[in-house]
Amino acid sequence: MSPAATSTHTPIFDGHNDTLLKLEIDAGAGRERDFFQRSQRGHMDLPRARDGGFAGGLFAMFVPSNPDQDFSKPFNPRDPANYAELPQPDALAFTHSLMARAFRLERASGGRMKICRNAAEIRSAMQQGQVAISLHMEGAEAIDGDFHALEVLYAAGLRSLGPVWSRKNIFADGVPMAFPSSPDTGPGLTSAGRALVTACNQLKILIDLSHLTEKGFWDVASITDAPLVASHSNAHALCASARNLTDRQLDAIRESRGLVGLNFHVAFLREDGQHRSATALDVIARHAAYLVERLGEDHVGLGSDFDGCMPPADLKDVSRLQYLLSAFRNAGMTDAMVEKIAWKNWLRVLEETQS
Ligand SMILES: [Zn+2]
């Protein structure tokens with residue numbers, strides 16, 4: 001029997017994972033892994049997703065700067081090669097490989113996974129026990145300035161896009177992984193970036209604010225007609241990473257009826273900004289409580305960053321997600337609030353943005 005079907009599990013729709021990249025990197029290193037078999041590698045496979053009640057999420061397509069990076073080692077945030085700008089044709093080719101991987105996974109799943117184009121499809125997949133995949137692009141390097149690739153990728157299923165990762169491209173600047181640091185680290189959107197926001201609004205593609213500089217955040221806020229969403233970021237007041245959101249940014253997200261997805265990366269959670277997996281789940285619960293207080297309980301979700309982060313040891317992979325929900329309940333959240341954070345708020349914001 002699938003553990004996901006037991007009544008003790010609250011389903012989870014998660015705003016960010018890098019599992020497609022992790023599978024691609026493993027395959028490139030000659031260690032192709034069967035996603036449908038239980039493994040200890042990476043943070044996710046289908047059996048572990050079922051164990052944790054993971055019902056779906058935004059699956060990122062991210063193109064690393066440095067193809068020579070040793071992906072068996074933790075990401076080195078201080079290596080400048082990891083932030084090098086990417087030529088668009090290279091980024092598009094790699095994005096194709098990640099997107100093709102998603103389509104092959106869906107086909108090989110025999111109905112257990114479904115690539116969804118809108119919130120109604122996600123709801124229906126979740127009801128049928130299919131893992132719902134919403135395709136997200138993390139950093140728009142694959143998109144040309146004339147938006148031909150945007151049209152084609154949209155037609156293929158792209159429904160969410162962050163203009164930048166933590167590096168510069170033709171659309172904007174990204175925030176470095178700096179601590180302690182304000183997110184106001186550089187310029188905002190270029191004219192191409194402004195046009196990208198408008199093009200995404202027209203296509204009903206969600207625009208993700210995570211990784212943007214603070215100036216870029218306000219530029220998007222001044223142009224977009226959609227709720228403001230940061231899919232995987234935390235509260236700067238509790239962890240002064242440049243990747244986190246200031247109170248002013250949180251207020252703007254609340255006013256726009258948007259959402260913040262809680263990121264599980266310890267260096268974006270801990271007050272001291274350290275990369276230490278010995279971090280209690282209470283630390284995530286504290287960010288959740290802070291965001292609920294600042295944004296309201298309808299505007300907080302999850303954005304795990306699984307397969308792209310160092311999570312707390314007690315949340316070492318997707319199978320442990322229900323432990324996090326228990327930590328939320330232990331911190332005083334009601335079941336209704338936990339359900340909103342676990343999936344309902346994401347579905348609401350996708351409904352308002354993508355249709
Ligand atoms: Zn990210």
# chains A, B, ... in the order shown; residues from 1 in each chain; ligands from 1

$ residues_near_ligand --ligand "ligand 1" --cutoff "10 Å" --atoms "only C-alpha atoms and all ligand atoms" --output "list of chain:residue names"
A:His16, A:Asn17, A:Asp18, A:Ala60, A:Phe62, A:Glu138, A:Gly139, A:Gly162, A:Val164, A:Trp165, A:Ser166, A:Ser210, A:His211, A:Ser231, A:His232, A:Ser233, A:Arg243, A:Asn263, A:His265, A:Gly303, A:Ser304, A:Asp305, A:Phe306, A:Gly308, A:Cys309

$ residues_around --residues "range 205-209 of chain A" --least-positions-apart "3" --cutoff "7 Å" --atoms "only C-alpha atoms" --output "ChimeraX atom specification"
/A:159-162,200-201,212,217,229-231,353-354

$ write_last_selection --atoms "N, CA and C atoms" --output "PDB file, in the first residue's frame"
ATOM      1  N   ARG A 159       5.681  26.490 -17.130  1.00  0.00           N
ATOM      2  CA  ARG A 159       4.631  27.304 -16.520  1.00  0.00           C
ATOM      3  C   ARG A 159       5.137  28.234 -15.420  1.00  0.00           C
ATOM      4  N   SER A 160       6.446  28.262 -15.177  1.00  0.00           N
ATOM      5  CA  SER A 160       6.993  29.088 -14.106  1.00  0.00           C
ATOM      6  C   SER A 160       8.442  29.393 -14.447  1.00  0.00           C
ATOM      7  N   LEU A 161       8.876  30.600 -14.096  1.00  0.00           N
ATOM      8  CA  LEU A 161      10.212  31.013 -14.532  1.00  0.00           C
ATOM      9  C   LEU A 161      10.793  32.035 -13.569  1.00  0.00           C
ATOM     10  N   GLY A 162      12.025  31.809 -13.131  1.00  0.00           N
ATOM     11  CA  GLY A 162      12.773  32.818 -12.392  1.00  0.00           C
ATOM     12  C   GLY A 162      13.701  33.499 -13.382  1.00  0.00           C
ATOM     13  N   CYS A 200       5.751  37.011 -19.806  1.00  0.00           N
ATOM     14  CA  CYS A 200       5.296  35.943 -18.892  1.00  0.00           C
ATOM     15  C   CYS A 200       3.870  36.235 -18.427  1.00  0.00           C
ATOM     16  N   ASN A 201       3.577  37.499 -18.119  1.00  0.00           N
ATOM     17  CA  ASN A 201       2.202  37.853 -17.736  1.00  0.00           C
ATOM     18  C   ASN A 201       1.226  37.449 -18.842  1.00  0.00           C
ATOM     19  N   LEU A 212      16.528  36.947  -7.255  1.00  0.00           N
ATOM     20  CA  LEU A 212      16.657  38.302  -7.799  1.00  0.00           C
ATOM     21  C   LEU A 212      17.268  39.235  -6.754  1.00  0.00           C
ATOM     22  N   PHE A 217      13.597  42.702  -7.652  1.00  0.00           N
ATOM     23  CA  PHE A 217      12.306  42.393  -7.006  1.00  0.00           C
ATOM     24  C   PHE A 217      11.337  43.560  -7.195  1.00  0.00           C
ATOM     25  N   VAL A 229       5.562  36.086  -6.091  1.00  0.00           N
ATOM     26  CA  VAL A 229       5.902  34.773  -5.544  1.00  0.00           C
ATOM     27  C   VAL A 229       7.419  34.611  -5.468  1.00  0.00           C
ATOM     28  N   ALA A 230       7.904  34.226  -4.290  1.00  0.00           N
ATOM     29  CA  ALA A 230       9.306  33.814  -4.131  1.00  0.00           C
ATOM     30  C   ALA A 230       9.260  32.341  -3.756  1.00  0.00           C
ATOM     31  N   SER A 231       9.604  31.470  -4.695  1.00  0.00           N
ATOM     32  CA  SER A 231       9.298  30.036  -4.535  1.00  0.00           C
ATOM     33  C   SER A 231      10.150  29.358  -3.473  1.00  0.00           C
ATOM     34  N   THR A 353      -2.566  32.703 -10.924  1.00  0.00           N
ATOM     35  CA  THR A 353      -1.505  33.165 -11.825  1.00  0.00           C
ATOM     36  C   THR A 353      -1.605  32.532 -13.215  1.00  0.00           C
ATOM     37  N   GLN A 354      -1.927  31.251 -13.249  1.00  0.00           N
ATOM     38  CA  GLN A 354      -1.783  30.511 -14.507  1.00  0.00           C
ATOM     39  C   GLN A 354      -3.079  30.385 -15.281  1.00  0.00           C
TER      40      GLN A 354
END

$ closest_residue --among "A:Ala192, A:His287, A:Arg107, A:Ser326" --to "Phe147 in chain A" --atoms "only C-alpha atoms"
A:Ala192

$ closest_residue --among "A:Ser241, A:Gln88, A:Thr213, A:Gln37" --to "Asp144 in chain A" --atoms "only C-alpha atoms"
A:Gln88

$ closest_residue --among "A:Ser256, A:Thr279, A:Thr246, A:Asn66" --to "Ala226 in chain A" --atoms "only C-alpha atoms"
A:Ser256

$ residues_around --residues "Asp34 in chain A" --least-positions-apart "3" --cutoff "10 Å" --atoms "only C-alpha atoms" --output "number ranges by chain"
A: 23, 31, 37-39, 45-46, 105

$ residues_around --residues "range 176-189 of chain A" --least-positions-apart "4" --cutoff "10 Å" --atoms "only C-alpha atoms" --output "PyMOL selection string"
chain A and resi 77-78+83+163-172+193-197+211-220+236+239-246+267-268+271-274

$ closest_residue --among "A:Ala237, A:Ala120, A:Met137, A:Ala149" --to "Pro89 in chain A" --atoms "only C-alpha atoms"
A:Ala149

$ residues_around --residues "Leu295 in chain A" --least-positions-apart "6" --cutoff "7 Å" --atoms "only C-alpha atoms" --output "JSON, numbers by chain"
{"A": [250, 251, 254]}

$ write_last_selection --atoms "N, CA and C atoms" --output "PDB file, in the first residue's frame"
ATOM      1  N   LEU A 250       8.396  41.242   2.093  1.00  0.00           N
ATOM      2  CA  LEU A 250       7.294  40.374   2.559  1.00  0.00           C
ATOM      3  C   LEU A 250       5.974  41.137   2.543  1.00  0.00           C
ATOM      4  N   ASP A 251       6.007  42.400   2.952  1.00  0.00           N
ATOM      5  CA  ASP A 251       4.777  43.198   2.957  1.00  0.00           C
ATOM      6  C   ASP A 251       4.216  43.344   1.540  1.00  0.00           C
ATOM      7  N   ARG A 254       2.561  40.120   0.533  1.00  0.00           N
ATOM      8  CA  ARG A 254       1.227  40.000   1.156  1.00  0.00           C
ATOM      9  C   ARG A 254       0.198  40.864   0.411  1.00  0.00           C
TER      10      ARG A 254
END

$ closest_residue --among "A:Arg41, A:Gly56, A:Arg117, A:Lys22" --to "Leu98 in chain A" --atoms "only C-alpha atoms"
A:Lys22

$ atom_distance --atom1 "CA of Thr334 in chain A" --atom2 "CA of Ala285 in chain A"
12.9 Å

$ select_by_dssp --residues "range 122-170 of chain A" --states "helix (DSSP H, G or I)" --output "CSV table (one decimal) with N, CA, C and O atoms, in the first residue's frame"
chain,number,residue,atom,x,y,z
A,122,ILE,N,-3.2,20.0,-11.7
A,122,ILE,CA,-2.5,19.6,-10.5
A,122,ILE,C,-3.5,19.0,-9.5
A,122,ILE,O,-3.2,17.9,-8.9
A,123,ARG,N,-4.6,19.6,-9.3
A,123,ARG,CA,-5.6,19.1,-8.4
A,123,ARG,C,-6.0,17.7,-8.7
A,123,ARG,O,-6.1,16.8,-7.9
A,124,SER,N,-6.3,17.6,-10.0
A,124,SER,CA,-6.8,16.3,-10.5
A,124,SER,C,-5.8,15.2,-10.3
A,124,SER,O,-6.0,14.1,-9.9
A,125,ALA,N,-4.5,15.5,-10.7
A,125,ALA,CA,-3.4,14.5,-10.5
A,125,ALA,C,-3.3,14.2,-9.0
A,125,ALA,O,-3.1,13.0,-8.7
A,126,MET,N,-3.3,15.2,-8.1
A,126,MET,CA,-3.2,14.9,-6.7
A,126,MET,C,-4.3,14.0,-6.2
A,126,MET,O,-4.1,13.0,-5.5
A,127,GLN,N,-5.5,14.2,-6.7
A,127,GLN,CA,-6.7,13.4,-6.3
A,127,GLN,C,-6.5,12.0,-6.8
A,127,GLN,O,-6.9,11.0,-6.1
A,148,HIS,N,11.6,33.6,-28.7
A,148,HIS,CA,11.2,32.5,-29.5
A,148,HIS,C,11.2,31.2,-28.6
A,148,HIS,O,10.3,30.4,-28.6
A,149,ALA,N,12.3,31.1,-27.8
A,149,ALA,CA,12.4,29.9,-27.0
A,149,ALA,C,11.3,29.9,-25.9
A,149,ALA,O,10.8,28.8,-25.5
A,150,LEU,N,11.0,31.1,-25.4
A,150,LEU,CA,9.9,31.2,-24.4
A,150,LEU,C,8.6,30.6,-25.0
A,150,LEU,O,7.9,29.8,-24.3
A,151,GLU,N,8.3,31.0,-26.2
A,151,GLU,CA,7.0,30.5,-26.8
A,151,GLU,C,7.1,28.9,-26.9
A,151,GLU,O,6.1,28.2,-26.6
A,152,VAL,N,8.2,28.4,-27.4
A,152,VAL,CA,8.3,27.0,-27.7
A,152,VAL,C,8.3,26.2,-26.3
A,152,VAL,O,7.6,25.2,-26.2
A,153,LEU,N,9.0,26.7,-25.4
A,153,LEU,CA,9.1,26.0,-24.1
A,153,LEU,C,7.7,26.1,-23.4
A,153,LEU,O,7.3,25.2,-22.7
A,154,TYR,N,7.0,27.2,-23.5
A,154,TYR,CA,5.7,27.3,-23.0
A,154,TYR,C,4.8,26.3,-23.6
A,154,TYR,O,4.0,25.6,-22.9
A,155,ALA,N,4.9,26.2,-24.9
A,155,ALA,CA,4.0,25.2,-25.6
A,155,ALA,C,4.3,23.8,-25.2
A,155,ALA,O,3.5,22.9,-25.1
A,156,ALA,N,5.6,23.6,-24.8
A,156,ALA,CA,6.0,22.2,-24.3
A,156,ALA,C,5.6,22.0,-22.8
A,156,ALA,O,5.5,20.8,-22.4

$ residues_around --residues "Phe328 in chain A" --least-positions-apart "5" --cutoff "10 Å" --atoms "only C-alpha atoms" --output "list of chain:residue names"
A:Leu281, A:Asp282, A:Ile284, A:Ala285, A:Arg286, A:Ala288, A:Ala289, A:Gln322, A:Tyr323, A:Met333, A:Thr334, A:Asp335, A:Met337, A:Val338, A:Ile341

$ write_last_selection --atoms "C-alpha atoms" --output "short mmCIF file (atom, residue, chain, number, x, y, z; two decimals), in the first residue's frame"
data_model
loop_
_atom_site.label_atom_id
_atom_site.label_comp_id
_atom_site.auth_asym_id
_atom_site.auth_seq_id
_atom_site.Cartn_x
_atom_site.Cartn_y
_atom_site.Cartn_z
CA LEU A 281 13.44 21.49 12.42
CA ASP A 282 12.30 24.13 14.92
CA ILE A 284 12.19 26.06 9.90
CA ALA A 285 9.14 26.26 12.16
CA ARG A 286 10.38 29.64 13.41
CA ALA A 288 7.22 29.58 9.11
CA ALA A 289 5.74 31.32 12.16
CA GLN A 322 5.74 14.73 7.43
CA TYR A 323 8.25 15.29 10.27
CA MET A 333 -0.07 25.58 14.16
CA THR A 334 -3.56 24.21 13.62
CA ASP A 335 -4.19 21.38 11.15
CA MET A 337 -2.87 26.13 8.81
CA VAL A 338 -0.57 23.18 8.18
CA ILE A 341 1.25 25.68 4.03
#

$ select_by_dssp --residues "range 225-341 of chain A" --states "strand (DSSP E or B)" --output "PyMOL selection string"
chain A and resi 229-230+235+245+259-262+300-302+306

$ write_last_selection --atoms "all heavy atoms" --output "PDB file, in the first residue's frame"
ATOM      1  N   VAL A 229       5.562  36.086  -6.091  1.00  0.00           N
ATOM      2  CA  VAL A 229       5.902  34.773  -5.544  1.00  0.00           C
ATOM      3  C   VAL A 229       7.419  34.611  -5.468  1.00  0.00           C
ATOM      4  O   VAL A 229       8.122  34.851  -6.451  1.00  0.00           O
ATOM      5  CB  VAL A 229       5.312  33.643  -6.429  1.00  0.00           C
ATOM      6  CG1 VAL A 229       5.811  32.279  -5.976  1.00  0.00           C
ATOM      7  CG2 VAL A 229       3.780  33.684  -6.409  1.00  0.00           C
ATOM      8  N   ALA A 230       7.904  34.226  -4.290  1.00  0.00           N
ATOM      9  CA  ALA A 230       9.306  33.814  -4.131  1.00  0.00           C
ATOM     10  C   ALA A 230       9.260  32.341  -3.756  1.00  0.00           C
ATOM     11  O   ALA A 230       8.884  31.992  -2.638  1.00  0.00           O
ATOM     12  CB  ALA A 230       9.994  34.641  -3.054  1.00  0.00           C
ATOM     13  N   ALA A 235      12.983  34.279   5.650  1.00  0.00           N
ATOM     14  CA  ALA A 235      12.863  35.616   6.243  1.00  0.00           C
ATOM     15  C   ALA A 235      14.242  36.175   6.588  1.00  0.00           C
ATOM     16  O   ALA A 235      14.986  35.593   7.392  1.00  0.00           O
ATOM     17  CB  ALA A 235      12.000  35.551   7.497  1.00  0.00           C
ATOM     18  N   LEU A 245      14.267  37.351   2.216  1.00  0.00           N
ATOM     19  CA  LEU A 245      13.397  38.490   1.914  1.00  0.00           C
ATOM     20  C   LEU A 245      13.262  39.409   3.110  1.00  0.00           C
ATOM     21  O   LEU A 245      12.981  38.970   4.232  1.00  0.00           O
ATOM     22  CB  LEU A 245      12.012  37.965   1.515  1.00  0.00           C
ATOM     23  CG  LEU A 245      12.013  37.064   0.273  1.00  0.00           C
ATOM     24  CD1 LEU A 245      10.781  36.154   0.262  1.00  0.00           C
ATOM     25  CD2 LEU A 245      12.076  37.894  -1.003  1.00  0.00           C
ATOM     26  N   LEU A 259       2.973  34.682  -2.447  1.00  0.00           N
ATOM     27  CA  LEU A 259       3.371  33.538  -1.627  1.00  0.00           C
ATOM     28  C   LEU A 259       4.893  33.469  -1.487  1.00  0.00           C
ATOM     29  O   LEU A 259       5.631  33.822  -2.419  1.00  0.00           O
ATOM     30  CB  LEU A 259       2.869  32.246  -2.297  1.00  0.00           C
ATOM     31  CG  LEU A 259       3.170  30.947  -1.562  1.00  0.00           C
ATOM     32  CD1 LEU A 259       1.922  30.046  -1.556  1.00  0.00           C
ATOM     33  CD2 LEU A 259       4.304  30.174  -2.197  1.00  0.00           C
ATOM     34  N   VAL A 260       5.328  33.009  -0.319  1.00  0.00           N
ATOM     35  CA  VAL A 260       6.738  32.660  -0.102  1.00  0.00           C
ATOM     36  C   VAL A 260       6.825  31.173   0.205  1.00  0.00           C
ATOM     37  O   VAL A 260       6.098  30.674   1.072  1.00  0.00           O
ATOM     38  CB  VAL A 260       7.336  33.457   1.080  1.00  0.00           C
ATOM     39  CG1 VAL A 260       8.764  32.999   1.365  1.00  0.00           C
ATOM     40  CG2 VAL A 260       7.316  34.950   0.796  1.00  0.00           C
ATOM     41  N   GLY A 261       7.681  30.455  -0.520  1.00  0.00           N
ATOM     42  CA  GLY A 261       7.931  29.036  -0.248  1.00  0.00           C
ATOM     43  C   GLY A 261       9.147  28.903   0.649  1.00  0.00           C
ATOM     44  O   GLY A 261      10.227  29.402   0.315  1.00  0.00           O
ATOM     45  N   LEU A 262       8.970  28.224   1.790  1.00  0.00           N
ATOM     46  CA  LEU A 262      10.068  28.040   2.757  1.00  0.00           C
ATOM     47  C   LEU A 262      11.160  27.153   2.185  1.00  0.00           C
ATOM     48  O   LEU A 262      10.901  26.021   1.758  1.00  0.00           O
ATOM     49  CB  LEU A 262       9.526  27.357   4.012  1.00  0.00           C
ATOM     50  CG  LEU A 262       8.824  28.244   5.027  1.00  0.00           C
ATOM     51  CD1 LEU A 262       7.924  27.385   5.909  1.00  0.00           C
ATOM     52  CD2 LEU A 262       9.854  28.976   5.876  1.00  0.00           C
ATOM     53  N   VAL A 300       1.948  31.542   2.727  1.00  0.00           N
ATOM     54  CA  VAL A 300       3.172  30.802   3.040  1.00  0.00           C
ATOM     55  C   VAL A 300       3.032  29.377   2.508  1.00  0.00           C
ATOM     56  O   VAL A 300       1.970  28.763   2.661  1.00  0.00           O
ATOM     57  CB  VAL A 300       3.429  30.754   4.564  1.00  0.00           C
ATOM     58  CG1 VAL A 300       4.753  30.070   4.871  1.00  0.00           C
ATOM     59  CG2 VAL A 300       3.392  32.158   5.155  1.00  0.00           C
ATOM     60  N   GLY A 301       4.090  28.878   1.872  1.00  0.00           N
ATOM     61  CA  GLY A 301       4.102  27.504   1.370  1.00  0.00           C
ATOM     62  C   GLY A 301       5.473  26.895   1.601  1.00  0.00           C
ATOM     63  O   GLY A 301       6.284  27.419   2.374  1.00  0.00           O
ATOM     64  N   LEU A 302       5.723  25.770   0.924  1.00  0.00           N
ATOM     65  CA  LEU A 302       7.037  25.138   1.018  1.00  0.00           C
ATOM     66  C   LEU A 302       7.779  25.296  -0.307  1.00  0.00           C
ATOM     67  O   LEU A 302       7.165  25.313  -1.375  1.00  0.00           O
ATOM     68  CB  LEU A 302       6.892  23.646   1.344  1.00  0.00           C
ATOM     69  CG  LEU A 302       6.155  23.308   2.643  1.00  0.00           C
ATOM     70  CD1 LEU A 302       6.082  21.789   2.829  1.00  0.00           C
ATOM     71  CD2 LEU A 302       6.828  23.966   3.848  1.00  0.00           C
ATOM     72  N   PHE A 306      15.014  20.650  -2.402  1.00  0.00           N
ATOM     73  CA  PHE A 306      15.596  19.306  -2.372  1.00  0.00           C
ATOM     74  C   PHE A 306      16.414  19.057  -3.641  1.00  0.00           C
ATOM     75  O   PHE A 306      16.051  19.487  -4.730  1.00  0.00           O
ATOM     76  CB  PHE A 306      14.493  18.239  -2.277  1.00  0.00           C
ATOM     77  CG  PHE A 306      14.050  17.938  -0.871  1.00  0.00           C
ATOM     78  CD1 PHE A 306      12.698  17.799  -0.575  1.00  0.00           C
ATOM     79  CD2 PHE A 306      14.974  17.779   0.154  1.00  0.00           C
ATOM     80  CE1 PHE A 306      12.281  17.498   0.724  1.00  0.00           C
ATOM     81  CE2 PHE A 306      14.561  17.477   1.459  1.00  0.00           C
ATOM     82  CZ  PHE A 306      13.221  17.339   1.732  1.00  0.00           C
TER      83      PHE A 306
END

$ residues_around --residues "Gly52 in chain A" --least-positions-apart "4" --cutoff "9 Å" --atoms "only C-alpha atoms" --output "JSON, numbers by chain"
{"A": [3, 4, 9, 10, 11, 12, 47, 48, 317, 318, 319, 320, 321, 322, 323]}

$ write_last_selection --atoms "all heavy atoms" --output "CSV table (one decimal), in the first residue's frame"
chain,number,residue,atom,x,y,z
A,3,PRO,N,2.1,4.6,1.2
A,3,PRO,CA,2.0,5.4,2.5
A,3,PRO,C,1.3,6.8,2.2
A,3,PRO,O,0.7,7.3,3.1
A,3,PRO,CB,3.4,5.7,2.9
A,3,PRO,CG,4.2,4.7,2.1
A,3,PRO,CD,3.5,4.3,0.9
A,4,ALA,N,1.4,7.2,0.9
A,4,ALA,CA,0.8,8.5,0.6
A,4,ALA,C,-0.7,8.5,0.8
A,4,ALA,O,-1.4,9.5,1.0
A,4,ALA,CB,1.1,8.9,-0.8
A,9,HIS,N,-1.1,11.1,6.6
A,9,HIS,CA,-0.3,12.0,5.7
A,9,HIS,C,-1.1,13.2,5.2
A,9,HIS,O,-2.2,13.0,4.7
A,9,HIS,CB,0.3,11.2,4.5
A,9,HIS,CG,1.5,10.4,4.8
A,9,HIS,ND1,1.5,9.4,5.7
A,9,HIS,CD2,2.7,10.5,4.2
A,9,HIS,CE1,2.7,8.9,5.7
A,9,HIS,NE2,3.5,9.5,4.8
A,10,THR,N,-0.5,14.4,5.4
A,10,THR,CA,-1.0,15.6,4.7
A,10,THR,C,-0.3,15.7,3.4
A,10,THR,O,0.9,15.6,3.4
A,10,THR,CB,-0.7,16.8,5.6
A,10,THR,OG1,-1.3,16.6,6.8
A,10,THR,CG2,-1.3,18.1,4.9
A,11,PRO,N,-1.0,15.8,2.3
A,11,PRO,CA,-0.3,15.9,1.0
A,11,PRO,C,0.5,17.2,0.9
A,11,PRO,O,0.2,18.2,1.6
A,11,PRO,CB,-1.4,15.9,-0.1
A,11,PRO,CG,-2.7,16.3,0.7
A,11,PRO,CD,-2.5,15.8,2.1
A,12,ILE,N,1.6,17.1,0.2
A,12,ILE,CA,2.5,18.2,0.1
A,12,ILE,C,2.7,18.6,-1.4
A,12,ILE,O,3.0,17.7,-2.2
A,12,ILE,CB,3.8,17.9,0.7
A,12,ILE,CG1,3.7,18.0,2.3
A,12,ILE,CG2,4.9,18.9,0.3
A,12,ILE,CD1,4.7,17.4,3.1
A,47,PRO,N,9.5,6.1,-4.5
A,47,PRO,CA,9.2,5.5,-3.3
A,47,PRO,C,9.3,6.5,-2.1
A,47,PRO,O,8.5,6.5,-1.2
A,47,PRO,CB,10.1,4.3,-3.2
A,47,PRO,CG,10.5,4.0,-4.6
A,47,PRO,CD,10.5,5.3,-5.3
A,48,ARG,N,10.4,7.2,-2.1
A,48,ARG,CA,10.6,8.2,-0.9
A,48,ARG,C,9.6,9.3,-1.0
A,48,ARG,O,9.2,9.8,0.0
A,48,ARG,CB,12.1,8.7,-0.9
A,48,ARG,CG,13.0,7.6,-0.4
A,48,ARG,CD,14.5,8.2,-0.3
A,48,ARG,NE,15.1,8.3,-1.6
A,48,ARG,CZ,16.2,9.0,-1.8
A,48,ARG,NH1,16.8,9.6,-0.8
A,48,ARG,NH2,16.7,9.1,-3.0
A,317,ASP,N,15.7,13.9,3.4
A,317,ASP,CA,15.2,13.7,2.0
A,317,ASP,C,13.7,13.8,2.1
A,317,ASP,O,13.1,14.1,3.1
A,317,ASP,CB,15.7,12.4,1.4
A,317,ASP,CG,15.2,11.2,2.2
A,317,ASP,OD1,14.2,11.3,2.9
A,317,ASP,OD2,15.8,10.1,2.0
A,318,VAL,N,13.1,13.6,0.9
A,318,VAL,CA,11.7,13.9,0.8
A,318,VAL,C,10.8,13.0,1.6
A,318,VAL,O,9.7,13.3,2.0
A,318,VAL,CB,11.3,13.8,-0.8
A,318,VAL,CG1,11.4,12.4,-1.3
A,318,VAL,CG2,10.0,14.4,-1.1
A,319,SER,N,11.4,11.8,2.0
A,319,SER,CA,10.6,10.8,2.8
A,319,SER,C,10.3,11.4,4.2
A,319,SER,O,9.4,10.9,4.9
A,319,SER,CB,11.4,9.5,2.9
A,319,SER,OG,12.5,9.7,3.8
A,320,ARG,N,11.0,12.5,4.6
A,320,ARG,CA,10.8,13.0,6.0
A,320,ARG,C,9.9,14.2,6.1
A,320,ARG,O,9.8,14.8,7.1
A,320,ARG,CB,12.2,13.4,6.5
A,320,ARG,CG,13.3,12.4,6.3
A,320,ARG,CD,13.2,11.3,7.3
A,320,ARG,NE,13.5,11.8,8.6
A,320,ARG,CZ,14.3,11.1,9.5
A,320,ARG,NH1,14.8,9.9,9.2
A,320,ARG,NH2,14.5,11.6,10.7
A,321,LEU,N,9.2,14.5,5.0
A,321,LEU,CA,8.4,15.8,4.9
A,321,LEU,C,7.4,15.8,6.1
A,321,LEU,O,7.1,16.9,6.6
A,321,LEU,CB,7.8,15.9,3.6
A,321,LEU,CG,8.6,16.5,2.5
A,321,LEU,CD1,8.0,16.4,1.1
A,321,LEU,CD2,8.9,18.0,2.8
A,322,GLN,N,6.8,14.7,6.4
A,322,GLN,CA,5.7,14.7,7.4
A,322,GLN,C,6.3,15.1,8.8
A,322,GLN,O,5.6,15.6,9.6
A,322,GLN,CB,5.0,13.4,7.5
A,322,GLN,CG,4.2,13.0,6.2
A,322,GLN,CD,3.1,14.0,5.8
A,322,GLN,OE1,2.3,14.4,6.7
A,322,GLN,NE2,3.0,14.3,4.6
A,323,TYR,N,7.6,14.9,9.0
A,323,TYR,CA,8.2,15.3,10.3
A,323,TYR,C,8.2,16.8,10.4
A,323,TYR,O,8.1,17.4,11.5
A,323,TYR,CB,9.7,14.8,10.4
A,323,TYR,CG,9.9,13.3,10.5
A,323,TYR,CD1,9.8,12.5,9.4
A,323,TYR,CD2,10.2,12.8,11.8
A,323,TYR,CE1,10.0,11.1,9.6
A,323,TYR,CE2,10.4,11.4,11.9
A,323,TYR,CZ,10.3,10.6,10.9
A,323,TYR,OH,10.4,9.2,11.0

$ atom_distance --atom1 "CA of His96 in chain A" --atom2 "CA of Thr198 in chain A"
23.7 Å
